[in-house]
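Written below as structure tokens is the structure these notes are about.
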Amino acid sequence: MILQDDWVRHPGTQALCAMLGQCGYRAYFVGGCVRNALLGATVSDIDIATDALPETVSDIAQSAGFKVIPTGIDHGTITVIAAGVHHEVTTLRRDVETDGRRAVVAFSTDLAEDATRRDFTMNALYALPSGEVIDPLGGIADLRARRMRFVGDPHLRIREDYLRILRFFRFHAVYGDPTAGIDAEGLSACTELAPGIATLSRERIGAEMRKLLAAPNPAPAVASMVQSGVLAHVLPGADPSALAPLVHLENDLPPRWQRRLATLGGSTENLRLSRQEEVELGHIRDAIASSLFPAALAWSMGEIPAQDAILCHAALFQSALPQNWHAEIQRGAQSMFPVKAADLMPELEGPALGQRLKTLQYRWLDSNLTLTKAALLQGGDD
């Protein structure tokens with residue numbers, strides 16, 4: 001099997017691989033770039049595995065005039081920018097010691113050793129610079145079956161890094177076959193070892209959950225997280241019952257993890273959201289229970305959060321979407337409150353002026369943004 005993708009033949013990529021080869025070292029494309037190329041999916045990151053030590057890779061790359069960034073040189077990884085393309089180049093490795101969060105590694109020259117330390121078989125795929133695929137662990141068969149399977153014993157892989165529990169569900173959401181169900185052996189191991197999630201940093205948990213919830217349809221994977229007890233360790237109090245209806249209602253809209261998270265509910269303490277993310281999520285959750293019109297929501301909170309709130313409300317309350325809601329959101333986002341502070345001065349000023357503006361805004365929102373400036377100033381209803 002030969003990869004035919006353009007990125008394989010990119011001049012910078014081929015030059016980097018050729019330089020390593022000329023110096024007596026091997027270069028393999030590895031992981032996501034090979035997996036996605038075989039699936040016909042977009043390749044955004046090019047990872048290269050080599051038997052050259054990091055310092056050697058750096059010297060070779062710099063001698064060729066490429067820019068080198070010591071991204072994770074202590075763990076064997078450097079970034080090489082060749083002809084404008086970023087390459088993550090990592091020395092083949094084997095695990096020496098793991099504690100469930102991080103690993104102590106030793107450099108290796110054995111591709112098989114490197115493959116056995118990876119998480120899933122579909123991520124343990126390699127390719128030569130020619131594009132020829134190397135499959136040491138049967139990853140192609142799993143990829144074709146859209147089956148997420150741990151490399152070797154799932155219990156051992158998870159104990160090496162408990163984040164692999166969340167990655168298992170995330171990769172199933174993105175690459176798995178929802179009609180075939182999730183791998184039973186992997187699910188059993190995740191169920192047994194779920195308490196290990198508590199040892200992970202909130203940053204790592206949050207990053208993984210953002211990716212999972214941004215999958216085209218995360219509902220089957222999240223249902224499996226409930227079945228295994230994993231979701232309770234990540235989002236205590238979450239209820240996934242409205243997630244599948246939400247995905248259906250989204251139709252052709254781009255997925256947004258914020259929208260899906262708002263529908264799930266539960267505590268976000270374990271996710272380490274930024275202050276801005278917390279505020280946005282809070283506004284969406286508050287708006288779900290509000291009685292404001294779509295246009296009023298869009299004016300109050302912005303087009304995208306208003307869209308999220310309306311979709312979440314329909315999914316959670318099993319109700320129909322408002323008529324012409326897309327157009328109404330557009331109208332609200334483009335509307336301007338017709339009354340300005342100057343219209344109330346000099347009769348009002350200071351706190352009284354601010355309070356009067358707020359009162360008029362509430363009346364305008366309740367009218368579905370239809371009250372004119374004259375009607376608002378006169379105290380009329382139309």
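Simple scheme: letters A, B, ... for chains in structure tokens order, numbers from 1 for residues in each chain, numbers from 1 for ligands in the order shown.
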
- Task: List every residue of stretch 52-197 of chain A that DSSP, applied to the backbone, labels as helix (DSSP H, G or I), and write the result as an MDAnalysis selection string.
- Result: chainID A and resid 54:63 73:75 111:116 121:123 139:144 154:160 163:175 184:197

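Within the 9 Å cut-off around A:Asp45, using only C-alpha atoms and omitting residues fewer than 6 positions from it on the same chain, the listed residues are Gly32, Cys33, His86, His87 and Glu88 of chain A.
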
- stretch 72-75 of chain A surroundings by only C-alpha atoms, 12 Å radius, close-in-sequence under 6 positions cut, as a ChimeraX atom specification: /A:53-58,88-95,102-107

Output of the above residues as a short mmCIF file (atom, residue, chain, number, x, y, z; two decimals), in the first residue's frame, restricted to C-alpha atoms:
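For reference, part.cif as written:
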data_model
loop_
_atom_site.label_atom_id
_atom_site.label_comp_id
_atom_site.auth_asym_id
_atom_site.auth_seq_id
_atom_site.Cartn_x
_atom_site.Cartn_y
_atom_site.Cartn_z
CA LEU A 53 19.14 11.05 18.16
CA PRO A 54 17.51 14.50 18.60
CA GLU A 55 20.85 16.32 18.59
CA THR A 56 21.81 14.53 15.41
CA VAL A 57 18.53 15.43 13.72
CA SER A 58 19.08 19.05 14.75
CA GLU A 88 7.63 16.95 14.38
CA VAL A 89 10.66 14.65 14.32
CA THR A 90 10.92 12.17 17.19
CA THR A 91 13.53 9.54 17.89
CA LEU A 92 12.20 5.98 18.12
CA ARG A 93 11.50 5.23 21.78
CA ARG A 94 10.62 2.61 24.34
CA ASP A 95 9.06 3.18 27.74
CA ARG A 102 3.95 10.74 32.02
CA ALA A 103 6.59 8.32 30.84
CA VAL A 104 10.34 8.02 31.18
CA VAL A 105 11.58 6.88 27.79
CA ALA A 106 14.78 5.52 26.33
CA PHE A 107 15.75 6.08 22.74
#

Listing only residues of stretch 266-303 of chain A within 6 Å of stretch 182-202 of chain A, what is the closest atom pair and its distance in Å (to one decimal) for each, using only C-alpha atoms, sorted by chain and residue number ascending, as a tab-separated table?
residue	atom	partner	partner_atom	distance
A:Asn270	CA	A:Arg202	CA	5.2
A:Leu271	CA	A:Arg202	CA	5.2
A:Arg272	CA	A:Arg202	CA	5.2

Using only C-alpha atoms, what does the table of stretch 11-124 of chain A residues within 8 Å of stretch 134-138 of chain A look like, with each row giving the shortest atom pair and its distance in Å to one decimal, sorted by chain and ascending number, as a Markdown table?
| residue | atom | partner | partner_atom | distance |
| --- | --- | --- | --- | --- |
| A:Ala112 | CA | A:Pro136 | CA | 6.7 |
| A:Ala115 | CA | A:Pro136 | CA | 7.2 |
| A:Thr121 | CA | A:Leu137 | CA | 6.2 |
| A:Ala124 | CA | A:Leu137 | CA | 7.0 |

Only C-alpha atoms, please: the residues just picked out, written as a compact mmCIF listing (two decimals), in the first residue's frame.
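part35.txt written:
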# COMPACT_ATOMS: atom_id res chain seq x y z
CA ALA A 112 8.67 -2.51 16.62
CA ALA A 115 5.04 0.75 17.83
CA THR A 121 -3.30 0.18 16.55
CA ALA A 124 0.87 2.64 15.14
